[in-house]
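See below for final04.cif, which holds mmCIF, C-alpha atoms (C1' of nucleotides).
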```
data_query
loop_
_atom_site.label_atom_id
_atom_site.label_comp_id
_atom_site.auth_asym_id
_atom_site.auth_seq_id
_atom_site.Cartn_x
_atom_site.Cartn_y
_atom_site.Cartn_z
CA MET Y 242 313.02 29.23 54.08
CA ALA Y 243 310.12 31.31 52.73
CA LYS Y 244 307.69 29.13 54.64
CA GLU Y 245 309.70 29.65 57.74
CA LYS Y 246 309.48 33.40 57.34
CA LYS Y 247 305.75 33.46 56.66
CA LYS Y 248 305.06 31.50 59.74
CA LEU Y 249 307.01 33.99 61.80
CA ARG Y 250 305.09 36.92 60.35
CA LEU Y 251 301.79 35.34 61.25
CA VAL Y 252 302.82 34.70 64.76
CA GLU Y 253 304.77 37.78 65.57
CA PRO Y 254 302.02 40.39 65.88
CA LEU Y 255 300.36 38.49 68.65
CA ALA Y 256 303.64 37.82 70.31
CA ASP Y 257 304.43 41.51 70.07
CA ALA Y 258 301.17 42.56 71.62
CA GLU Y 259 301.74 40.18 74.45
CA THR Y 260 305.28 41.31 74.89
CA ARG Y 261 304.13 44.89 74.92
CA ILE Y 262 301.57 44.28 77.61
CA HIS Y 263 304.08 42.25 79.46
CA ASP Y 264 306.66 45.00 79.09
CA ASP Y 265 304.20 47.61 80.31
CA HIS Y 266 303.49 45.63 83.42
CA HIS Y 267 307.13 45.00 83.78
CA LEU Y 268 307.71 48.70 83.29
CA SER Y 269 306.00 49.53 86.54
CA VAL Y 270 308.04 47.01 88.46
CA ARG Y 271 311.15 48.20 86.71
CA LEU Y 272 310.39 51.77 87.65
CA TRP Y 273 309.74 50.81 91.22
CA LEU Y 274 312.99 48.88 91.53
CA ARG Y 275 314.91 51.73 90.03
CA MET Y 276 313.39 54.27 92.40
CA LEU Y 277 314.28 52.02 95.27
CA ALA Y 278 317.83 51.55 94.07
CA CYS Y 279 318.35 55.29 93.71
CA THR Y 280 317.00 56.25 97.11
CA ASN Y 281 318.89 53.43 98.78
CA ARG Y 282 322.17 54.61 97.37
CA ILE Y 283 321.61 58.23 98.27
CA GLU Y 284 320.33 57.27 101.69
CA ASN Y 285 323.46 55.23 102.27
CA VAL Y 286 325.70 58.14 101.38
CA VAL Y 287 323.80 60.58 103.55
CA ARG Y 288 323.65 58.15 106.44
CA GLN Y 289 327.36 57.47 106.30
CA ASN Y 290 328.14 61.17 106.17
CA LEU Y 291 325.88 61.93 109.11
CA GLN Y 292 327.57 59.20 111.10
CA ALA Y 293 331.09 60.23 110.17
CA ARG Y 294 330.66 63.99 110.58
CA PHE Y 295 328.11 64.30 113.37
CA ALA Y 296 327.83 60.88 114.99
CA THR Y 297 324.11 60.95 114.33
CA THR Y 298 321.60 59.16 112.16
CA LEU Y 299 319.14 59.87 109.38
CA PRO Y 300 315.99 59.43 111.48
CA ARG Y 301 317.35 61.80 114.13
CA PHE Y 302 318.26 64.31 111.44
CA ASP Y 303 314.86 63.91 109.86
CA LEU Y 304 313.04 64.49 113.12
CA MET Y 305 315.07 67.60 113.85
CA ALA Y 306 314.44 68.85 110.31
CA GLN Y 307 310.71 68.58 110.89
CA LEU Y 308 311.01 70.54 114.12
CA GLU Y 309 313.15 73.22 112.54
CA ARG Y 310 310.34 74.04 110.15
CA ALA Y 311 307.84 74.19 113.04
CA PRO Y 312 309.24 76.47 115.73
CA GLN Y 313 306.01 76.26 117.69
CA GLY Y 314 306.70 72.56 118.17
CA LEU Y 315 305.00 69.45 116.89
CA ARG Y 316 302.97 66.73 118.53
CA MET Y 317 304.34 63.24 118.51
CA SER Y 318 301.52 62.26 116.19
CA GLU Y 319 302.35 65.08 113.79
CA LEU Y 320 305.96 63.99 113.73
CA SER Y 321 304.82 60.48 113.06
CA GLN Y 322 302.74 61.61 110.08
CA ARG Y 323 305.36 63.87 108.60
CA MET Y 324 308.14 61.37 108.97
CA MET Y 325 305.88 58.64 107.66
CA VAL Y 326 306.76 56.26 110.43
CA THR Y 327 304.77 54.79 113.30
CA GLY Y 328 304.21 56.44 116.64
CA GLY Y 329 306.20 53.95 118.60
CA ASN Y 330 309.17 54.77 116.49
CA VAL Y 331 308.89 58.49 117.09
CA THR Y 332 308.79 57.86 120.83
CA GLY Y 333 312.14 56.10 120.65
CA ILE Y 334 313.90 58.67 118.51
CA THR Y 335 312.54 61.53 120.58
CA ASP Y 336 313.70 59.78 123.75
CA GLY Y 337 317.22 59.62 122.38
CA LEU Y 338 317.31 63.24 121.28
CA GLU Y 339 315.79 64.40 124.54
CA LYS Y 340 318.41 62.49 126.50
CA GLU Y 341 321.07 64.35 124.55
CA GLY Y 342 319.36 67.67 125.18
CA LEU Y 343 318.69 68.43 121.53
CA VAL Y 344 314.94 68.35 121.89
CA VAL Y 345 312.38 69.01 124.60
CA ARG Y 346 308.90 67.65 125.28
CA GLU Y 347 306.46 70.27 126.52
CA VAL Y 348 303.09 69.30 127.90
CA ASP Y 349 300.00 70.93 126.49
CA PRO Y 350 298.06 72.35 129.46
CA ALA Y 351 294.85 72.17 127.43
CA ASP Y 352 295.18 68.44 126.72
CA ARG Y 353 297.44 66.51 128.95
CA ARG Y 354 297.72 63.60 126.57
CA VAL Y 355 299.78 65.52 124.06
CA PHE Y 356 303.39 66.61 124.01
CA TYR Y 357 304.77 69.40 121.93
CA VAL Y 358 308.27 68.54 120.87
CA LYS Y 359 310.64 71.42 120.14
CA LEU Y 360 314.26 71.89 119.27
CA SER Y 361 316.34 73.12 122.20
CA ALA Y 362 318.75 76.00 121.62
CA GLU Y 363 321.53 73.47 121.39
CA GLY Y 364 319.43 71.39 119.02
CA GLN Y 365 318.91 74.38 116.75
CA ARG Y 366 322.61 75.15 116.67
CA GLN Y 367 323.53 71.59 115.86
CA PHE Y 368 320.81 71.18 113.28
CA ARG Y 369 321.86 74.28 111.39
CA ARG Y 370 325.40 72.98 111.10
CA MET Y 371 324.18 69.60 109.92
CA ALA Y 372 321.68 71.03 107.48
CA ALA Y 373 324.30 73.15 105.76
CA GLU Y 374 326.52 70.15 105.12
CA HIS Y 375 323.60 67.94 104.26
CA GLU Y 376 322.59 70.33 101.53
CA GLN Y 377 326.10 70.20 100.14
CA TRP Y 378 326.12 66.42 100.04
CA VAL Y 379 322.86 66.30 98.16
CA ILE Y 380 323.97 68.98 95.73
CA GLU Y 381 327.14 67.05 95.02
CA LEU Y 382 325.26 63.82 94.56
CA PHE Y 383 323.07 65.48 91.94
CA GLU Y 384 325.64 67.75 90.39
CA GLY Y 385 325.81 65.73 87.19
CA ILE Y 386 322.08 66.15 86.55
CA SER Y 387 320.92 69.17 84.60
CA VAL Y 388 318.47 71.62 86.15
CA LYS Y 389 316.02 70.70 83.43
CA HIS Y 390 316.14 67.04 84.30
CA LYS Y 391 315.89 67.73 88.01
CA ASN Y 392 312.79 69.78 87.38
CA GLN Y 393 311.33 67.02 85.25
CA LEU Y 394 311.97 64.55 88.01
CA VAL Y 395 310.41 66.74 90.67
CA GLU Y 396 307.40 67.11 88.42
CA LEU Y 397 307.02 63.41 87.59
CA LEU Y 398 307.63 62.28 91.14
CA GLY Y 399 305.01 64.78 92.22
CA GLU Y 400 302.57 62.91 90.04
CA ILE Y 401 303.50 59.66 91.68
CA LYS Y 402 303.32 61.07 95.18
CA GLN Y 403 299.83 62.29 94.36
CA GLN Y 404 298.85 58.95 92.91
CA VAL Y 405 300.08 56.82 95.75
CA ARG Y 406 297.99 58.25 98.58
CA MET W 66 311.93 104.31 80.83
CA ALA W 67 314.78 103.26 78.66
CA LYS W 68 317.17 104.13 81.46
CA GLU W 69 315.11 102.16 83.90
CA LYS W 70 315.21 99.19 81.65
CA LYS W 71 318.93 99.46 81.12
CA LYS W 72 319.55 99.57 84.82
CA LEU W 73 317.49 96.52 85.35
CA ARG W 74 319.38 94.75 82.68
CA LEU W 75 322.63 95.57 84.37
CA VAL W 76 321.52 94.42 87.75
CA GLU W 77 319.24 91.56 87.02
CA PRO W 78 321.71 89.08 85.65
CA LEU W 79 323.56 89.03 88.96
CA ALA W 80 320.42 88.83 91.03
CA ASP W 81 319.07 86.19 88.73
CA ALA W 82 322.24 84.22 88.90
CA GLU W 83 322.12 84.23 92.65
CA THR W 84 318.50 83.30 92.80
CA ARG W 85 319.11 80.66 90.24
CA ILE W 86 321.95 79.19 92.23
CA HIS W 87 319.92 79.29 95.37
CA ASP W 88 316.95 77.72 93.68
CA ASP W 89 319.15 75.15 92.08
CA HIS W 90 320.58 74.15 95.43
CA HIS W 91 317.16 74.04 96.88
CA LEU W 92 316.04 72.08 93.87
CA SER W 93 318.40 69.23 94.64
CA VAL W 94 317.22 68.92 98.21
CA ARG W 95 313.65 69.23 97.06
CA LEU W 96 314.17 66.45 94.56
CA TRP W 97 315.82 64.25 97.14
CA LEU W 98 313.03 64.74 99.65
CA ARG W 99 310.43 63.99 97.04
CA MET W 100 312.17 60.80 95.94
CA LEU W 101 312.33 59.73 99.54
CA ALA W 102 308.68 60.50 100.15
CA CYS W 103 307.60 58.51 97.10
CA THR W 104 309.64 55.42 97.85
CA ASN W 105 308.62 55.49 101.49
CA ARG W 106 304.96 55.49 100.61
CA ILE W 107 305.27 52.71 98.08
CA GLU W 108 307.48 50.72 100.38
CA ASN W 109 304.90 51.04 103.12
CA VAL W 110 302.13 49.76 100.88
CA VAL W 111 304.17 46.84 99.63
CA ARG W 112 305.37 45.95 103.11
CA GLN W 113 301.86 45.99 104.52
CA ASN W 114 300.60 43.84 101.68
CA LEU W 115 303.39 41.33 102.08
CA GLN W 116 302.64 41.12 105.77
CA ALA W 117 298.88 40.82 105.36
CA ARG W 118 298.88 38.37 102.45
CA PHE W 119 301.96 36.25 103.07
CA ALA W 120 303.11 36.98 106.61
CA THR W 121 306.49 37.91 105.23
CA THR W 122 308.60 41.00 104.86
CA LEU W 123 310.18 43.13 102.16
CA PRO W 124 313.79 42.09 102.83
CA ARG W 125 312.83 38.42 102.72
CA PHE W 126 310.95 39.00 99.50
CA ASP W 127 313.88 40.92 98.09
CA LEU W 128 316.34 38.19 98.93
CA MET W 129 314.15 35.54 97.35
CA ALA W 130 313.71 37.73 94.28
CA GLN W 131 317.46 37.87 93.85
CA LEU W 132 317.71 34.10 94.12
CA GLU W 133 314.88 33.56 91.67
CA ARG W 134 316.90 35.34 89.01
CA ALA W 135 319.97 33.24 89.80
CA PRO W 136 318.96 29.57 89.82
CA GLN W 137 322.58 28.51 90.21
CA GLY W 138 322.57 30.21 93.60
CA LEU W 139 324.31 33.25 94.97
CA ARG W 140 327.04 33.77 97.51
CA MET W 141 326.23 35.67 100.64
CA SER W 142 328.50 38.44 99.41
CA GLU W 143 326.71 38.60 96.07
CA LEU W 144 323.37 38.86 97.83
CA SER W 145 324.79 41.59 99.98
CA GLN W 146 325.91 43.57 96.92
CA ARG W 147 322.70 43.11 94.99
CA MET W 148 320.49 43.94 97.90
CA MET W 149 322.71 46.88 98.77
CA VAL W 150 322.90 45.92 102.41
CA THR W 151 325.71 44.72 104.61
CA GLY W 152 326.84 41.13 104.95
CA GLY W 153 325.76 40.77 108.55
CA ASN W 154 322.28 41.64 107.53
CA VAL W 155 322.16 39.01 104.79
CA THR W 156 323.26 36.40 107.29
CA GLY W 157 320.26 37.18 109.47
CA ILE W 158 317.70 37.17 106.70
CA THR W 159 319.10 33.99 105.21
CA ASP W 160 319.01 32.33 108.63
CA GLY W 161 315.32 33.13 108.89
CA LEU W 162 314.45 31.88 105.44
CA GLU W 163 316.54 28.75 105.91
CA LYS W 164 314.77 27.99 109.16
CA GLU W 165 311.48 28.17 107.29
CA GLY W 166 312.82 25.90 104.57
CA LEU W 167 312.45 28.44 101.78
CA VAL W 168 316.15 28.66 101.08
CA VAL W 169 319.19 26.40 101.38
CA ARG W 170 322.87 27.07 101.94
CA GLU W 171 325.14 24.84 99.86
CA VAL W 172 328.85 24.69 100.52
CA ASP W 173 331.24 25.24 97.65
CA PRO W 174 333.58 22.25 97.59
CA ALA W 175 336.21 24.37 95.81
CA ASP W 176 336.28 27.09 98.48
CA ARG W 177 334.97 26.13 101.82
CA ARG W 178 334.54 29.72 102.96
CA VAL W 179 331.64 30.38 100.62
CA PHE W 180 328.02 29.36 100.66
CA TYR W 181 325.76 29.24 97.67
CA VAL W 182 322.27 30.18 98.67
CA LYS W 183 319.42 28.81 96.58
CA LEU W 184 315.67 28.78 96.67
CA SER W 185 314.24 25.47 97.80
CA ALA W 186 311.39 23.96 95.80
CA GLU W 187 309.00 25.29 98.42
CA GLY W 188 310.73 28.65 98.24
CA GLN W 189 310.25 28.78 94.48
CA ARG W 190 306.59 27.95 94.77
CA GLN W 191 306.00 30.56 97.42
CA PHE W 192 308.01 33.20 95.64
CA ARG W 193 306.10 32.77 92.41
CA ARG W 194 302.83 33.32 94.19
CA MET W 195 304.16 36.38 95.95
CA ALA W 196 305.77 37.82 92.84
CA ALA W 197 302.55 37.65 90.89
CA GLU W 198 300.67 39.62 93.50
CA HIS W 199 303.53 41.98 94.09
CA GLU W 200 303.51 42.89 90.42
CA GLN W 201 299.81 43.63 90.66
CA TRP W 202 300.26 45.92 93.64
CA VAL W 203 302.96 47.90 91.88
CA ILE W 204 300.94 48.14 88.69
CA GLU W 205 297.98 49.41 90.63
CA LEU W 206 300.09 51.95 92.50
CA PHE W 207 301.31 53.32 89.19
CA GLU W 208 298.16 52.88 87.15
CA GLY W 209 297.50 56.60 87.02
CA ILE W 210 300.85 57.30 85.41
CA SER W 211 301.12 57.19 81.64
CA VAL W 212 303.53 54.81 79.96
CA LYS W 213 305.33 57.82 78.58
CA HIS W 214 305.88 59.31 82.01
CA LYS W 215 306.95 55.98 83.42
CA ASN W 216 309.51 55.66 80.69
CA GLN W 217 310.75 59.17 81.34
CA LEU W 218 311.13 58.37 84.99
CA VAL W 219 313.00 55.16 84.32
CA GLU W 220 315.28 57.11 82.05
CA LEU W 221 315.92 60.02 84.42
CA LEU W 222 316.36 57.80 87.44
CA GLY W 223 318.83 55.80 85.41
CA GLU W 224 320.87 58.96 85.08
CA ILE W 225 320.79 59.45 88.81
CA LYS W 226 321.65 55.85 89.56
CA GLN W 227 324.63 56.23 87.28
CA GLN W 228 325.66 59.47 88.88
CA VAL W 229 325.45 58.32 92.45
CA ARG W 230 327.96 55.46 92.38
"C1'" DA H 87 356.62 25.21 104.44
"C1'" DA H 88 355.78 29.00 107.97
"C1'" DA H 89 354.42 33.56 108.55
"C1'" DT H 90 351.51 37.01 106.82
"C1'" DA H 91 347.82 39.00 104.44
"C1'" DT H 92 343.36 38.61 102.33
"C1'" DT H 93 338.71 37.02 101.83
"C1'" DA H 94 333.85 35.02 103.10
"C1'" DA H 95 330.89 34.72 106.34
"C1'" DT H 96 329.24 35.22 111.23
"C1'" DT H 97 328.61 37.48 115.65
"C1'" DG H 98 327.45 41.12 118.93
"C1'" DA H 99 326.19 45.79 120.21
"C1'" DC H 100 323.27 49.24 119.14
"C1'" DA H 101 319.73 51.90 116.48
"C1'" DC H 102 315.41 51.70 113.68
"C1'" DC H 103 310.88 50.30 112.55
"C1'" DT H 104 306.31 48.04 112.77
"C1'" DG H 105 302.18 46.25 114.84
"C1'" DA H 106 299.73 45.13 118.78
"C1'" DA H 107 298.70 45.79 123.44
"C1'" DG H 108 298.57 48.93 127.33
"C1'" DT H 109 297.97 53.49 129.97
"C1'" DA H 110 296.22 57.94 130.69
"C1'" DC H 111 293.40 61.36 129.37
"C1'" DT H 112 289.28 63.51 126.76
"C1'" DT H 113 284.92 63.45 124.50
"C1'" DC H 114 280.69 61.62 123.43
"C1'" DT H 115 276.20 59.82 124.69
"C1'" DG H 116 272.30 58.54 127.16
"C1'" DC C 153 277.33 62.85 135.11
"C1'" DA C 154 278.65 57.98 134.55
"C1'" DG C 155 279.93 54.64 131.23
"C1'" DA C 156 281.55 53.88 126.57
"C1'" DA C 157 284.19 55.22 122.88
"C1'" DG C 158 287.99 57.56 121.15
"C1'" DT C 159 292.67 59.77 121.16
"C1'" DA C 160 297.78 60.52 122.31
"C1'" DC C 161 301.36 58.46 123.57
"C1'" DT C 162 304.30 54.49 125.41
"C1'" DT C 163 305.84 49.80 125.75
"C1'" DC C 164 307.17 45.43 124.01
"C1'" DA C 165 308.44 41.68 120.86
"C1'" DG C 166 310.40 40.63 116.67
"C1'" DG C 167 312.51 41.61 112.28
"C1'" DT C 168 315.89 44.86 109.82
"C1'" DG C 169 320.04 47.49 109.38
"C1'" DT C 170 324.91 49.26 110.44
"C1'" DC C 171 329.61 48.83 111.96
"C1'" DA C 172 333.38 46.63 114.16
"C1'" DA C 173 335.40 42.50 115.72
"C1'" DT C 174 335.94 37.53 115.04
"C1'" DT C 175 336.49 32.96 112.88
"C1'" DA C 176 337.77 30.00 109.30
"C1'" DA C 177 339.63 29.18 104.93
"C1'" DT C 178 342.55 30.54 101.09
"C1'" DA C 179 346.51 33.23 98.88
"C1'" DT C 180 350.81 35.38 99.07
"C1'" DT C 181 355.38 36.13 100.55
"C1'" DT C 182 359.70 34.99 102.06
#
```
Represent the structure contained in this file as structure tokens.
Amino acid sequence: MAKEKKKLRLVEPLADAETRIHDDHHLSVRLWLRMLACTNRIENVVRQNLQARFATTLPRFDLMAQLERAPQGLRMSELSQRMMVTGGNVTGITDGLEKEGLVVREVDPADRRVFYVKLSAEGQRQFRRMAAEHEQWVIELFEGISVKHKNQLVELLGEIKQQVR
Amino acid sequence: MAKEKKKLRLVEPLADAETRIHDDHHLSVRLWLRMLACTNRIENVVRQNLQARFATTLPRFDLMAQLERAPQGLRMSELSQRMMVTGGNVTGITDGLEKEGLVVREVDPADRRVFYVKLSAEGQRQFRRMAAEHEQWVIELFEGISVKHKNQLVELLGEIKQQVR
DNA sequence: AAATATTAATTGACACCTGAAGTACTTCTG
DNA sequence: CAGAAGTACTTCAGGTGTCAATTAATATTT
């Protein structure tokens, strides 16, 4: 019995150190998986709401949100950067929105390669309605989290955003 | 002076309350956008690495990861739940992996509607190689974040995950 | 046991997304 | 100023994702 115990004591410290390193490595993966799980869930809720209430999608909403903050219009490439998706993708989403009259492409006379994409009047109207509800959904999703914790999260995620360039 | 101060005291609480509410609402959206930005960036890195190093994709990797943790195999529906995607999607991904021999569908003799999906021997080998590198990528992405902050994030995101059912 | 409902998985239509290749335009360089 | 290099955007193929409808098997009800 005593022998048994002594043996354990000799071995454990090493085992602990290893476990700790292991846990630390695991910690990063764990954090990553948890981030992913959270955003997926929220994304699903928002996507479903957008579909049910406005028959639109998250990427469309996202693109319009970018344009709303840039009344002078944005280039396709700027949209691509801000939405963190590829150019080909932006072309497709813009095509759809343009076909529905929510968005317009305007040529730049100074450089005929570029388009400036803007919200149409109709697009602005629709976006404002969507944005108001969208804000409500997000607020409700987070209503159980204290302001303090939200601020902590914004802070910590800011660190990560910085780090992950 | 004293009057001035008193007046302010009478008025400020209301103004503050409103600002606080407004900021709080904004805070939730801000938090949501930041979460999204972070996960998008990390996802992009991981996806690119998976493509470059193993000519595979994140969903495939994710599915295999689920199976690795469940050697007895998982039903399509269980995969769907755990991956937080729809059933139709799981069918497609499984089809692809099965075609490449990384995964097998086994019928349940007790209920012939269900399949148990398992990693093949080849699938296990490949997954282990991928998982090792994947862990490295994530560790590197987060290497600038202290263990303390990582733990805080895991904790706070746990709260959100809980909340967002 | 036959009719009905439920459940597991697949299919098909449509949108998203990437990466690579292509087109049109601009800028750089000799 | 002509050719090369670069830039902005589009197109295309292939994988991912949803939702709604379908098929096949099992459970429930009468």
Expected answer as a PDB file with C-alpha atoms (C1' of nucleotides), keeping the file's coordinate frame: chain C residues within 10 Å of chain W, all atoms listed in the file:
```pdb
ATOM      1  C1'  DG C 167     312.510  41.610 112.280  1.00  0.00           C
ATOM      2  C1'  DT C 168     315.890  44.860 109.820  1.00  0.00           C
ATOM      3  C1'  DG C 169     320.040  47.490 109.380  1.00  0.00           C
ATOM      4  C1'  DT C 170     324.910  49.260 110.440  1.00  0.00           C
ATOM      5  C1'  DC C 171     329.610  48.830 111.960  1.00  0.00           C
ATOM      6  C1'  DA C 176     337.770  30.000 109.300  1.00  0.00           C
ATOM      7  C1'  DA C 177     339.630  29.180 104.930  1.00  0.00           C
ATOM      8  C1'  DT C 178     342.550  30.540 101.090  1.00  0.00           C
TER       9       DT C 178
END
```
With all Cα atoms paired residue by residue, do a least-squares superposition of chain Y on chain W and hand back the transformed coordinates as a compact mmCIF listing (two decimals) with C-alpha atoms, in the coordinates of the input.
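Listed below is the output, superposed.txt:
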```
# COMPACT_ATOMS: atom_id res chain seq x y z
CA MET Y 242 309.32 105.93 89.40
CA ALA Y 243 311.44 105.79 86.23
CA LYS Y 244 314.57 105.88 88.34
CA GLU Y 245 313.25 103.07 90.40
CA LYS Y 246 312.71 100.96 87.31
CA LYS Y 247 316.13 101.66 85.81
CA LYS Y 248 317.82 100.62 88.95
CA LEU Y 249 315.97 97.33 88.90
CA ARG Y 250 316.98 96.66 85.30
CA LEU Y 251 320.62 97.19 86.11
CA VAL Y 252 320.53 94.87 89.01
CA GLU Y 253 318.30 92.15 87.75
CA PRO Y 254 320.55 90.39 85.24
CA LEU Y 255 323.09 89.61 87.88
CA ALA Y 256 320.43 88.58 90.29
CA ASP Y 257 318.97 86.33 87.62
CA ALA Y 258 322.26 84.67 86.88
CA GLU Y 259 322.76 84.02 90.53
CA THR Y 260 319.27 82.74 90.94
CA ARG Y 261 319.75 80.48 87.97
CA ILE Y 262 322.91 78.97 89.36
CA HIS Y 263 321.27 78.73 92.69
CA ASP Y 264 318.24 77.08 91.13
CA ASP Y 265 320.41 74.61 89.25
CA HIS Y 266 322.13 73.56 92.42
CA HIS Y 267 318.83 73.48 94.11
CA LEU Y 268 317.52 71.43 91.23
CA SER Y 269 319.74 68.52 92.11
CA VAL Y 270 318.65 68.56 95.72
CA ARG Y 271 315.07 68.95 94.63
CA LEU Y 272 315.38 65.97 92.34
CA TRP Y 273 316.97 63.91 95.04
CA LEU Y 274 314.26 64.73 97.57
CA ARG Y 275 311.59 63.92 95.07
CA MET Y 276 313.13 60.56 94.20
CA LEU Y 277 313.31 59.77 97.86
CA ALA Y 278 309.72 60.78 98.47
CA CYS Y 279 308.48 58.61 95.61
CA THR Y 280 310.37 55.48 96.59
CA ASN Y 281 309.42 55.92 100.23
CA ARG Y 282 305.76 56.04 99.40
CA ILE Y 283 305.86 53.05 97.10
CA GLU Y 284 308.02 51.14 99.54
CA ASN Y 285 305.50 51.83 102.28
CA VAL Y 286 302.65 50.49 100.19
CA VAL Y 287 304.53 47.38 99.17
CA ARG Y 288 305.74 46.76 102.70
CA GLN Y 289 302.27 47.08 104.14
CA ASN Y 290 300.84 44.75 101.53
CA LEU Y 291 303.53 42.15 102.13
CA GLN Y 292 302.83 42.30 105.84
CA ALA Y 293 299.07 42.13 105.48
CA ARG Y 294 298.92 39.42 102.81
CA PHE Y 295 301.93 37.24 103.57
CA ALA Y 296 303.16 38.23 107.03
CA THR Y 297 306.57 38.91 105.54
CA THR Y 298 308.80 41.87 104.86
CA LEU Y 299 310.42 43.67 101.96
CA PRO Y 300 313.98 42.54 102.69
CA ARG Y 301 312.86 38.92 102.92
CA PHE Y 302 310.94 39.29 99.66
CA ASP Y 303 313.92 40.96 98.06
CA LEU Y 304 316.29 38.21 99.11
CA MET Y 305 313.97 35.52 97.80
CA ALA Y 306 313.56 37.45 94.54
CA GLN Y 307 317.32 37.40 94.06
CA LEU Y 308 317.41 33.66 94.65
CA GLU Y 309 314.53 33.01 92.29
CA ARG Y 310 316.55 34.47 89.45
CA ALA Y 311 319.57 32.32 90.40
CA PRO Y 312 318.42 28.71 90.73
CA GLN Y 313 322.00 27.55 91.19
CA GLY Y 314 322.09 29.53 94.42
CA LEU Y 315 323.98 32.61 95.48
CA ARG Y 316 326.77 33.24 97.94
CA MET Y 317 326.06 35.42 100.91
CA SER Y 318 328.42 37.99 99.44
CA GLU Y 319 326.59 37.95 96.11
CA LEU Y 320 323.31 38.48 97.89
CA SER Y 321 324.86 41.33 99.78
CA GLN Y 322 326.00 42.99 96.55
CA ARG Y 323 322.76 42.50 94.69
CA MET Y 324 320.61 43.67 97.55
CA MET Y 325 322.97 46.56 98.15
CA VAL Y 326 323.16 45.94 101.85
CA THR Y 327 325.96 44.82 104.14
CA GLY Y 328 326.95 41.24 104.79
CA GLY Y 329 325.92 41.24 108.39
CA ASN Y 330 322.46 42.14 107.31
CA VAL Y 331 322.21 39.30 104.84
CA THR Y 332 323.25 36.86 107.55
CA GLY Y 333 320.30 37.94 109.68
CA ILE Y 334 317.69 37.80 106.95
CA THR Y 335 318.95 34.46 105.71
CA ASP Y 336 318.85 33.11 109.26
CA GLY Y 337 315.20 34.05 109.52
CA LEU Y 338 314.24 32.54 106.18
CA GLU Y 339 316.22 29.40 106.88
CA LYS Y 340 314.48 28.99 110.22
CA GLU Y 341 311.16 29.11 108.39
CA GLY Y 342 312.36 26.59 105.83
CA LEU Y 343 312.06 28.92 102.86
CA VAL Y 344 315.75 28.92 102.10
CA VAL Y 345 318.69 26.58 102.55
CA ARG Y 346 322.42 27.15 103.01
CA GLU Y 347 324.58 24.66 101.14
CA VAL Y 348 328.29 24.44 101.77
CA ASP Y 349 330.65 24.64 98.84
CA PRO Y 350 332.93 21.58 99.05
CA ALA Y 351 335.58 23.43 97.06
CA ASP Y 352 335.76 26.36 99.50
CA ARG Y 353 334.43 25.77 102.91
CA ARG Y 354 334.14 29.45 103.71
CA VAL Y 355 331.27 30.00 101.32
CA PHE Y 356 327.60 29.12 101.48
CA TYR Y 357 325.33 28.82 98.52
CA VAL Y 358 321.89 29.97 99.49
CA LYS Y 359 318.95 28.53 97.56
CA LEU Y 360 315.20 28.67 97.68
CA SER Y 361 313.64 25.53 99.13
CA ALA Y 362 310.70 23.97 97.30
CA GLU Y 363 308.42 25.61 99.81
CA GLY Y 364 310.27 28.88 99.33
CA GLN Y 365 309.74 28.71 95.59
CA ARG Y 366 306.04 28.06 95.99
CA GLN Y 367 305.60 30.92 98.40
CA PHE Y 368 307.71 33.31 96.38
CA ARG Y 369 305.74 32.68 93.22
CA ARG Y 370 302.51 33.53 94.99
CA MET Y 371 304.00 36.69 96.45
CA ALA Y 372 305.61 37.77 93.20
CA ALA Y 373 302.34 37.56 91.31
CA GLU Y 374 300.59 39.85 93.76
CA HIS Y 375 303.59 42.10 94.08
CA GLU Y 376 303.53 42.70 90.36
CA GLN Y 377 299.88 43.63 90.58
CA TRP Y 378 300.50 46.15 93.34
CA VAL Y 379 303.23 47.85 91.38
CA ILE Y 380 301.15 47.91 88.21
CA GLU Y 381 298.29 49.50 90.10
CA LEU Y 382 300.56 52.05 91.70
CA PHE Y 383 301.78 53.10 88.26
CA GLU Y 384 298.57 52.67 86.34
CA GLY Y 385 298.05 56.40 85.95
CA ILE Y 386 301.41 56.84 84.21
CA SER Y 387 301.56 56.44 80.46
CA VAL Y 388 303.83 53.83 78.90
CA LYS Y 389 305.73 56.64 77.25
CA HIS Y 390 306.45 58.33 80.53
CA LYS Y 391 307.40 55.07 82.21
CA ASN Y 392 309.87 54.41 79.44
CA GLN Y 393 311.28 57.90 79.80
CA LEU Y 394 311.71 57.36 83.49
CA VAL Y 395 313.42 54.01 83.05
CA GLU Y 396 315.74 55.66 80.57
CA LEU Y 397 316.57 58.71 82.71
CA LEU Y 398 316.97 56.70 85.88
CA GLY Y 399 319.29 54.41 83.95
CA GLU Y 400 321.47 57.43 83.34
CA ILE Y 401 321.51 58.22 87.01
CA LYS Y 402 322.22 54.65 88.04
CA GLN Y 403 325.17 54.70 85.67
CA GLN Y 404 326.37 58.02 87.00
CA VAL Y 405 326.19 57.15 90.65
CA ARG Y 406 328.58 54.20 90.73
```
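As for CA of Asn290 (chain Y) and CA of Glu339 (chain Y), they are spaced 22.4 Å apart.
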Practice prompt. Decode the PyMOL selection byres ((chain H) within 8 of (chain W)) for the given file into explicit residues and return them as number ranges by chain.
Written response: H: 94-96
Where does the PyMOL selection byres ((chain W) within 6 of (chain Y)) land in this file, that is, which residues does it pick, as an mmCIF file with C-alpha atoms, in the coordinates of the input?
```cif
data_model
loop_
_atom_site.group_PDB
_atom_site.id
_atom_site.type_symbol
_atom_site.label_atom_id
_atom_site.label_comp_id
_atom_site.auth_asym_id
_atom_site.auth_seq_id
_atom_site.Cartn_x
_atom_site.Cartn_y
_atom_site.Cartn_z
ATOM 1 C CA SER W 93 318.400 69.230 94.640
ATOM 2 C CA LEU W 96 314.170 66.450 94.560
ATOM 3 C CA CYS W 103 307.600 58.510 97.100
ATOM 4 C CA ILE W 204 300.940 48.140 88.690
ATOM 5 C CA LEU W 206 300.090 51.950 92.500
ATOM 6 C CA VAL W 219 313.000 55.160 84.320
ATOM 7 C CA LYS W 226 321.650 55.850 89.560
ATOM 8 C CA VAL W 229 325.450 58.320 92.450
#
```
